[in-house]
$ cat protein.cif   # mmCIF, C-alpha atoms
data_data
#
loop_
_atom_site.group_PDB
_atom_site.id
_atom_site.type_symbol
_atom_site.label_atom_id
_atom_site.label_comp_id
_atom_site.auth_asym_id
_atom_site.auth_seq_id
_atom_site.Cartn_x
_atom_site.Cartn_y
_atom_site.Cartn_z
ATOM 1 C CA ALA L 1 -62.930 40.718 -18.594
ATOM 2 C CA GLN L 2 -64.752 43.322 -16.632
ATOM 3 C CA SER L 3 -63.347 44.044 -13.213
ATOM 4 C CA VAL L 4 -63.396 46.533 -10.387
ATOM 5 C CA THR L 5 -60.445 47.373 -8.179
ATOM 6 C CA GLN L 6 -60.608 49.065 -4.819
ATOM 7 C CA PRO L 7 -56.962 49.559 -3.874
ATOM 8 C CA ASP L 8 -57.596 50.417 -0.243
ATOM 9 C CA ILE L 9 -58.703 47.521 1.927
ATOM 10 C CA HIS L 10 -58.949 49.580 5.089
ATOM 11 C CA ILE L 11 -59.030 53.336 5.708
ATOM 12 C CA THR L 12 -59.197 55.242 8.974
ATOM 13 C CA VAL L 13 -60.197 58.888 9.096
ATOM 14 C CA SER L 14 -60.990 61.296 11.898
ATOM 15 C CA GLU L 15 -64.522 62.490 12.361
ATOM 16 C CA GLY L 16 -65.010 65.716 10.451
ATOM 17 C CA ALA L 17 -62.176 65.008 8.034
ATOM 18 C CA SER L 18 -62.698 64.599 4.321
ATOM 19 C CA LEU L 19 -62.846 61.192 2.685
ATOM 20 C CA GLU L 20 -61.974 59.774 -0.692
ATOM 21 C CA LEU L 21 -62.389 56.093 -1.519
ATOM 22 C CA ARG L 22 -60.778 54.924 -4.725
ATOM 23 C CA CYS L 23 -62.328 52.754 -7.393
ATOM 24 C CA ASN L 24 -60.933 51.745 -10.777
ATOM 25 C CA TYR L 25 -62.812 49.696 -13.321
ATOM 26 C CA SER L 26 -62.113 47.784 -16.463
ATOM 27 C CA TYR L 27 -64.991 47.733 -18.914
ATOM 28 C CA GLY L 28 -65.128 47.890 -22.689
ATOM 29 C CA ALA L 29 -68.128 50.125 -23.144
ATOM 30 C CA THR L 30 -69.581 53.057 -21.254
ATOM 31 C CA PRO L 31 -69.961 51.698 -17.760
ATOM 32 C CA TYR L 32 -72.818 51.822 -15.358
ATOM 33 C CA LEU L 33 -71.153 52.518 -12.015
ATOM 34 C CA PHE L 34 -72.439 52.240 -8.479
ATOM 35 C CA TRP L 35 -71.335 52.742 -4.907
ATOM 36 C CA TYR L 36 -72.960 50.702 -2.163
ATOM 37 C CA VAL L 37 -72.481 50.805 1.598
ATOM 38 C CA GLN L 38 -72.816 47.860 3.952
ATOM 39 C CA SER L 39 -73.100 48.443 7.674
ATOM 40 C CA PRO L 40 -72.209 45.527 9.963
ATOM 41 C CA GLY L 41 -74.765 42.754 9.704
ATOM 42 C CA GLN L 42 -76.802 44.674 7.166
ATOM 43 C CA GLY L 43 -77.576 44.470 3.490
ATOM 44 C CA LEU L 44 -76.208 46.777 0.829
ATOM 45 C CA GLN L 45 -77.580 50.267 0.445
ATOM 46 C CA LEU L 46 -77.137 52.194 -2.777
ATOM 47 C CA LEU L 47 -75.281 55.479 -2.248
ATOM 48 C CA LEU L 48 -75.182 56.728 -5.821
ATOM 49 C CA LYS L 49 -74.963 55.700 -9.430
ATOM 50 C CA TYR L 50 -73.544 56.930 -12.724
ATOM 51 C CA PHE L 51 -75.157 56.087 -16.046
ATOM 52 C CA SER L 52 -74.319 58.993 -18.313
ATOM 53 C CA GLY L 53 -74.243 62.776 -18.423
ATOM 54 C CA ASP L 54 -72.718 64.863 -15.676
ATOM 55 C CA THR L 55 -69.595 63.129 -14.434
ATOM 56 C CA LEU L 56 -70.050 64.392 -10.885
ATOM 57 C CA VAL L 57 -72.946 62.592 -9.240
ATOM 58 C CA GLN L 58 -74.533 63.313 -5.931
ATOM 59 C CA GLY L 59 -75.808 60.606 -3.648
ATOM 60 C CA ILE L 60 -77.398 60.113 -0.295
ATOM 61 C CA LYS L 61 -75.829 60.922 3.078
ATOM 62 C CA GLY L 62 -73.706 63.716 1.592
ATOM 63 C CA PHE L 63 -71.627 61.476 -0.683
ATOM 64 C CA GLU L 64 -70.576 62.295 -4.210
ATOM 65 C CA ALA L 65 -68.526 60.523 -6.849
ATOM 66 C CA GLU L 66 -66.730 61.625 -9.972
ATOM 67 C CA PHE L 67 -66.491 59.554 -13.130
ATOM 68 C CA LYS L 68 -63.193 60.026 -14.949
ATOM 69 C CA ARG L 69 -63.118 58.080 -18.170
ATOM 70 C CA SER L 70 -59.464 58.879 -18.873
ATOM 71 C CA GLN L 71 -58.454 57.319 -15.568
ATOM 72 C CA SER L 72 -61.119 54.582 -15.518
ATOM 73 C CA SER L 73 -61.985 55.767 -12.049
ATOM 74 C CA PHE L 74 -65.105 56.441 -10.027
ATOM 75 C CA ASN L 75 -63.904 57.712 -6.654
ATOM 76 C CA LEU L 76 -66.275 58.334 -3.789
ATOM 77 C CA ARG L 77 -65.924 61.484 -1.707
ATOM 78 C CA LYS L 78 -67.412 63.118 1.320
ATOM 79 C CA PRO L 79 -66.287 66.508 2.653
ATOM 80 C CA SER L 80 -66.858 65.761 6.336
ATOM 81 C CA VAL L 81 -67.133 62.253 7.720
ATOM 82 C CA HIS L 82 -69.493 61.371 10.557
ATOM 83 C CA TRP L 83 -68.982 58.484 12.976
ATOM 84 C CA SER L 84 -72.060 56.809 11.496
ATOM 85 C CA ASP L 85 -70.263 56.521 8.147
ATOM 86 C CA ALA L 86 -68.106 53.695 9.499
ATOM 87 C CA ALA L 87 -68.959 50.741 7.256
ATOM 88 C CA GLU L 88 -67.801 48.713 4.274
ATOM 89 C CA TYR L 89 -68.009 50.468 0.918
ATOM 90 C CA PHE L 90 -68.313 48.637 -2.367
ATOM 91 C CA CYS L 91 -67.825 49.962 -5.862
ATOM 92 C CA ALA L 92 -69.545 48.043 -8.659
ATOM 93 C CA VAL L 93 -69.872 48.101 -12.416
ATOM 94 C CA GLY L 94 -72.975 46.878 -14.212
ATOM 95 C CA ASP L 95 -72.250 44.224 -16.812
ATOM 96 C CA THR L 96 -74.884 44.281 -19.542
ATOM 97 C CA THR L 97 -73.385 41.644 -21.828
ATOM 98 C CA TYR L 98 -76.555 39.592 -21.579
ATOM 99 C CA GLY L 99 -78.156 41.662 -24.315
ATOM 100 C CA GLY L 100 -79.947 43.995 -21.974
ATOM 101 C CA ALA L 101 -82.166 41.281 -20.555
ATOM 102 C CA THR L 102 -80.491 41.562 -17.243
ATOM 103 C CA ASN L 103 -77.585 43.198 -15.565
ATOM 104 C CA LYS L 104 -75.140 41.676 -13.144
ATOM 105 C CA LEU L 105 -73.070 43.770 -10.816
ATOM 106 C CA ILE L 106 -69.363 43.117 -10.629
ATOM 107 C CA PHE L 107 -68.128 44.255 -7.265
ATOM 108 C CA GLY L 108 -64.790 45.401 -5.980
ATOM 109 C CA THR L 109 -63.385 43.809 -2.872
ATOM 110 C CA GLY L 110 -64.602 46.629 -0.669
ATOM 111 C CA THR L 111 -63.008 49.262 1.529
ATOM 112 C CA LEU L 112 -63.590 49.148 5.251
ATOM 113 C CA LEU L 113 -63.903 52.645 6.675
ATOM 114 C CA ALA L 114 -63.166 53.294 10.331
ATOM 115 C CA VAL L 115 -63.905 56.704 11.857
ATOM 116 C CA GLN L 116 -61.892 57.973 14.802
ATOM 117 C CA PRO L 117 -63.534 60.354 17.269
ATOM 118 C CA ASP F 1 -92.521 48.489 4.166
ATOM 119 C CA THR F 2 -89.556 46.253 3.419
ATOM 120 C CA ALA F 3 -88.659 46.495 -0.259
ATOM 121 C CA VAL F 4 -86.665 43.270 -0.538
ATOM 122 C CA SER F 5 -87.071 40.735 2.222
ATOM 123 C CA GLN F 6 -85.386 37.412 2.868
ATOM 124 C CA THR F 7 -86.117 34.557 5.211
ATOM 125 C CA PRO F 8 -84.529 33.284 7.261
ATOM 126 C CA LYS F 9 -81.951 35.826 8.389
ATOM 127 C CA TYR F 10 -79.791 33.134 9.950
ATOM 128 C CA LEU F 11 -79.555 29.478 8.976
ATOM 129 C CA VAL F 12 -77.370 26.951 10.775
ATOM 130 C CA THR F 13 -77.370 23.426 9.442
ATOM 131 C CA GLN F 14 -75.231 20.336 9.057
ATOM 132 C CA MET F 15 -73.371 19.076 6.037
ATOM 133 C CA GLY F 16 -75.479 17.026 3.696
ATOM 134 C CA ASN F 17 -78.759 18.718 4.545
ATOM 135 C CA ASP F 18 -81.027 20.490 2.078
ATOM 136 C CA LYS F 19 -82.190 24.020 2.811
ATOM 137 C CA SER F 20 -84.078 26.868 1.156
ATOM 138 C CA ILE F 21 -83.875 30.626 1.370
ATOM 139 C CA LYS F 22 -86.838 32.726 0.320
ATOM 140 C CA CYS F 23 -86.841 36.180 -1.202
ATOM 141 C CA GLU F 24 -89.684 38.553 -1.924
ATOM 142 C CA GLN F 25 -89.725 42.051 -3.370
ATOM 143 C CA ASN F 26 -92.645 44.455 -3.292
ATOM 144 C CA LEU F 27 -91.133 46.992 -5.687
ATOM 145 C CA GLY F 28 -92.817 45.657 -8.799
ATOM 146 C CA HIS F 29 -89.453 44.882 -10.365
ATOM 147 C CA ASP F 30 -89.066 42.411 -13.226
ATOM 148 C CA THR F 31 -85.525 41.259 -12.468
ATOM 149 C CA MET F 32 -84.239 39.477 -9.387
ATOM 150 C CA TYR F 33 -80.812 38.192 -8.398
ATOM 151 C CA TRP F 34 -78.936 36.033 -5.943
ATOM 152 C CA TYR F 35 -75.466 37.048 -4.794
ATOM 153 C CA LYS F 36 -73.053 35.237 -2.515
ATOM 154 C CA GLN F 37 -70.779 37.094 -0.104
ATOM 155 C CA ASP F 38 -67.905 35.000 1.186
ATOM 156 C CA SER F 39 -65.996 35.302 4.441
ATOM 157 C CA LYS F 40 -63.751 37.974 2.911
ATOM 158 C CA LYS F 41 -66.789 40.062 2.042
ATOM 159 C CA PHE F 42 -66.379 39.408 -1.686
ATOM 160 C CA LEU F 43 -69.712 39.601 -3.518
ATOM 161 C CA LYS F 44 -70.389 37.530 -6.598
ATOM 162 C CA ILE F 45 -73.513 36.999 -8.646
ATOM 163 C CA MET F 46 -75.015 33.540 -8.720
ATOM 164 C CA PHE F 47 -78.276 33.819 -10.628
ATOM 165 C CA SER F 48 -80.515 36.329 -12.302
ATOM 166 C CA TYR F 49 -84.147 35.992 -13.315
ATOM 167 C CA ASN F 50 -86.084 38.298 -15.579
ATOM 168 C CA ASN F 51 -89.848 37.832 -15.653
ATOM 169 C CA LYS F 52 -89.440 34.381 -14.107
ATOM 170 C CA GLU F 53 -86.941 33.348 -16.773
ATOM 171 C CA LEU F 54 -83.415 32.330 -15.819
ATOM 172 C CA ILE F 55 -80.968 34.675 -17.510
ATOM 173 C CA ILE F 56 -77.731 34.280 -15.593
ATOM 174 C CA ASN F 57 -76.313 31.114 -14.087
ATOM 175 C CA GLU F 58 -72.828 32.021 -13.097
ATOM 176 C CA THR F 59 -71.112 28.607 -12.948
ATOM 177 C CA VAL F 60 -72.824 27.733 -9.733
ATOM 178 C CA PRO F 61 -72.836 24.034 -8.714
ATOM 179 C CA ASN F 62 -76.065 22.344 -9.662
ATOM 180 C CA ARG F 63 -76.712 21.694 -5.976
ATOM 181 C CA PHE F 64 -78.018 25.258 -6.053
ATOM 182 C CA SER F 65 -81.400 25.595 -7.734
ATOM 183 C CA PRO F 66 -83.234 28.884 -7.934
ATOM 184 C CA LYS F 67 -86.968 28.968 -8.415
ATOM 185 C CA SER F 68 -89.131 31.908 -9.338
ATOM 186 C CA PRO F 69 -92.836 31.165 -8.848
ATOM 187 C CA ASP F 70 -93.722 34.706 -9.859
ATOM 188 C CA LYS F 71 -91.992 38.010 -10.534
ATOM 189 C CA ALA F 72 -92.055 39.013 -6.890
ATOM 190 C CA HIS F 73 -90.360 35.894 -5.551
ATOM 191 C CA LEU F 74 -87.035 34.208 -6.107
ATOM 192 C CA ASN F 75 -86.155 31.317 -3.853
ATOM 193 C CA LEU F 76 -82.862 29.489 -3.540
ATOM 194 C CA HIS F 77 -82.751 25.804 -2.738
ATOM 195 C CA ILE F 78 -79.473 24.164 -1.831
ATOM 196 C CA ASN F 79 -79.006 20.393 -1.812
ATOM 197 C CA SER F 80 -76.347 18.404 0.003
ATOM 198 C CA LEU F 81 -74.868 21.380 1.798
ATOM 199 C CA GLU F 82 -71.093 21.586 2.092
ATOM 200 C CA LEU F 83 -68.843 23.509 4.459
ATOM 201 C CA GLY F 84 -67.848 25.811 1.609
ATOM 202 C CA ASP F 85 -71.428 26.934 1.181
ATOM 203 C CA SER F 86 -71.161 28.916 4.402
ATOM 204 C CA ALA F 87 -71.627 32.533 3.384
ATOM 205 C CA VAL F 88 -74.090 35.382 3.363
ATOM 206 C CA TYR F 89 -76.587 35.155 0.526
ATOM 207 C CA PHE F 90 -78.179 38.324 -0.752
ATOM 208 C CA CYS F 91 -81.250 38.664 -2.879
ATOM 209 C CA ALA F 92 -81.654 41.783 -5.011
ATOM 210 C CA SER F 93 -84.057 43.217 -7.554
ATOM 211 C CA SER F 94 -84.007 45.889 -10.228
ATOM 212 C CA GLN F 95 -86.640 47.632 -12.315
ATOM 213 C CA GLU F 96 -84.613 48.120 -15.436
ATOM 214 C CA ALA F 97 -82.574 45.169 -16.526
ATOM 215 C CA ARG F 98 -80.101 47.265 -18.467
ATOM 216 C CA GLY F 99 -78.071 49.356 -16.092
ATOM 217 C CA GLY F 100 -80.738 49.590 -13.445
ATOM 218 C CA GLU F 101 -79.676 49.962 -9.871
ATOM 219 C CA GLN F 102 -80.247 46.936 -7.718
ATOM 220 C CA TYR F 103 -81.923 46.932 -4.343
ATOM 221 C CA PHE F 104 -80.646 44.378 -1.880
ATOM 222 C CA GLY F 105 -82.290 42.382 0.839
ATOM 223 C CA PRO F 106 -80.820 42.127 4.349
ATOM 224 C CA GLY F 107 -79.033 38.865 3.599
ATOM 225 C CA THR F 108 -79.190 35.320 4.946
ATOM 226 C CA ARG F 109 -76.180 34.121 6.879
ATOM 227 C CA LEU F 110 -75.793 30.408 6.191
ATOM 228 C CA THR F 111 -73.498 28.394 8.447
ATOM 229 C CA VAL F 112 -72.808 24.785 7.577
ATOM 230 C CA THR F 113 -71.260 22.686 10.342
#

$ encode --input "protein.cif" --output "structure tokens"
Amino acid sequence: AQSVTQPDIHITVSEGASLELRCNYSYGATPYLFWYVQSPGQGLQLLLKYFSGDTLVQGIKGFEAEFKRSQSSFNLRKPSVHWSDAAEYFCAVGDTTYGGATNKLIFGTGTLLAVQP
Amino acid sequence: DTAVSQTPKYLVTQMGNDKSIKCEQNLGHDTMYWYKQDSKKFLKIMFSYNNKELIINETVPNRFSPKSPDKAHLNLHINSLELGDSAVYFCASSQEARGGEQYFGPGTRLTVT
């Protein structure tokens, strides 16, 4: 069955430091991969997505992610973290087993990012 | 302009009651979804509609009944509410069913007492 694993439940980084959030997926075909961010009390905002092509994708707010098929990974990175990046981050894979009529997202359990001043 | 909106934002009710959550999207998307986020922040799909047709029903109790009056709206009605229904419910929509990114509403926090 399709699944997404985010090994880190909670990460703390200092403001200005680099960030990498890990995501591993299990999916039989070429995956559609997403990263979403959820600020406290808010909905989910799409940071970036990977469908095909270039394995390094750029997103909003200075985030990027790299798709590595050999490692079944789609890690999220940011070179310099800002205090406003503190939030919950979710990795997701799109499951298209419904014949293309629709697409459900299978989410990881999330990584809570805290930013120290 | 709010792309995906939900009402109400907060809903507090007692066990056994019936309640509805409304969702509207102004993005012109054909596909809409309901997700449930539990107390541990885990997100799981409940339903998906494509052009008002139910496509996904992810083993949700039949106390939950989605209704899509048109492509822009997907409402969720819940009968005989239970304590375990307490969660945040998110509506989402996507333009392309296959692989399309989904845009989420702000969520409805349901508390059943």

$ residues_near_point --input "protein.cif" --point "(-85.8, 29.7, -5.2)" --cutoff "8 Å" --atoms "all atoms listed in the file" --output "PyMOL selection string"
chain F and resi 20-23+65-68+73-77

$ interface_residues --input "protein.cif" --of "chain L" --to "chain F" --cutoff "10 Å" --atoms "all atoms listed in the file" --output "JSON, numbers by chain"
{"L": [31, 32, 33, 34, 36, 38, 41, 42, 43, 44, 45, 46, 48, 49, 50, 51, 88, 90, 92, 93, 94, 95, 96, 97, 98, 99, 100, 101, 102, 103, 104, 105, 106, 107, 108, 109, 110, 111]}

$ resolve_selection --input "protein.cif" --expression "the PyMOL selection byres ((chain L and resi 73-87) around 9)" --output "JSON, numbers by chain"
{"L": [13, 14, 15, 16, 17, 18, 19, 20, 21, 22, 23, 24, 25, 33, 34, 35, 37, 38, 39, 40, 50, 61, 62, 63, 64, 65, 66, 67, 68, 69, 70, 71, 72, 88, 89, 91, 111, 112, 113, 114, 115, 116, 117]}

$ axis_aligned_box --input "protein.cif" --around "region 27-30 of chain F" --padding-each-side "4 Å" --output "lines of an AutoDock Vina configuration file"
center_x = -90.9
center_y = 44.7
center_z = -9.5
size_x = 11.8
size_y = 12.6
size_z = 15.5

$ residues_near_point --input "protein.cif" --point "(-80.1, 31.7, 10.4)" --cutoff "8 Å" --atoms "all atoms listed in the file" --output "list of chain:residue names"
F:Pro8, F:Lys9, F:Tyr10, F:Leu11, F:Val12, F:Thr108, F:Arg109, F:Leu110, F:Thr111

$ atom_distance --input "protein.cif" --atom1 "CA of Gly59 (chain L)" --atom2 "CA of Ser5 (chain F)"
23.6 Å

$ atom_distance --input "protein.cif" --atom1 "CA of Lys19 (chain F)" --atom2 "CA of Pro69 (chain F)"
17.3 Å

$ atom_distance --input "protein.cif" --atom1 "CA of Asn17 (chain F)" --atom2 "CA of Gly84 (chain F)"
13.3 Å
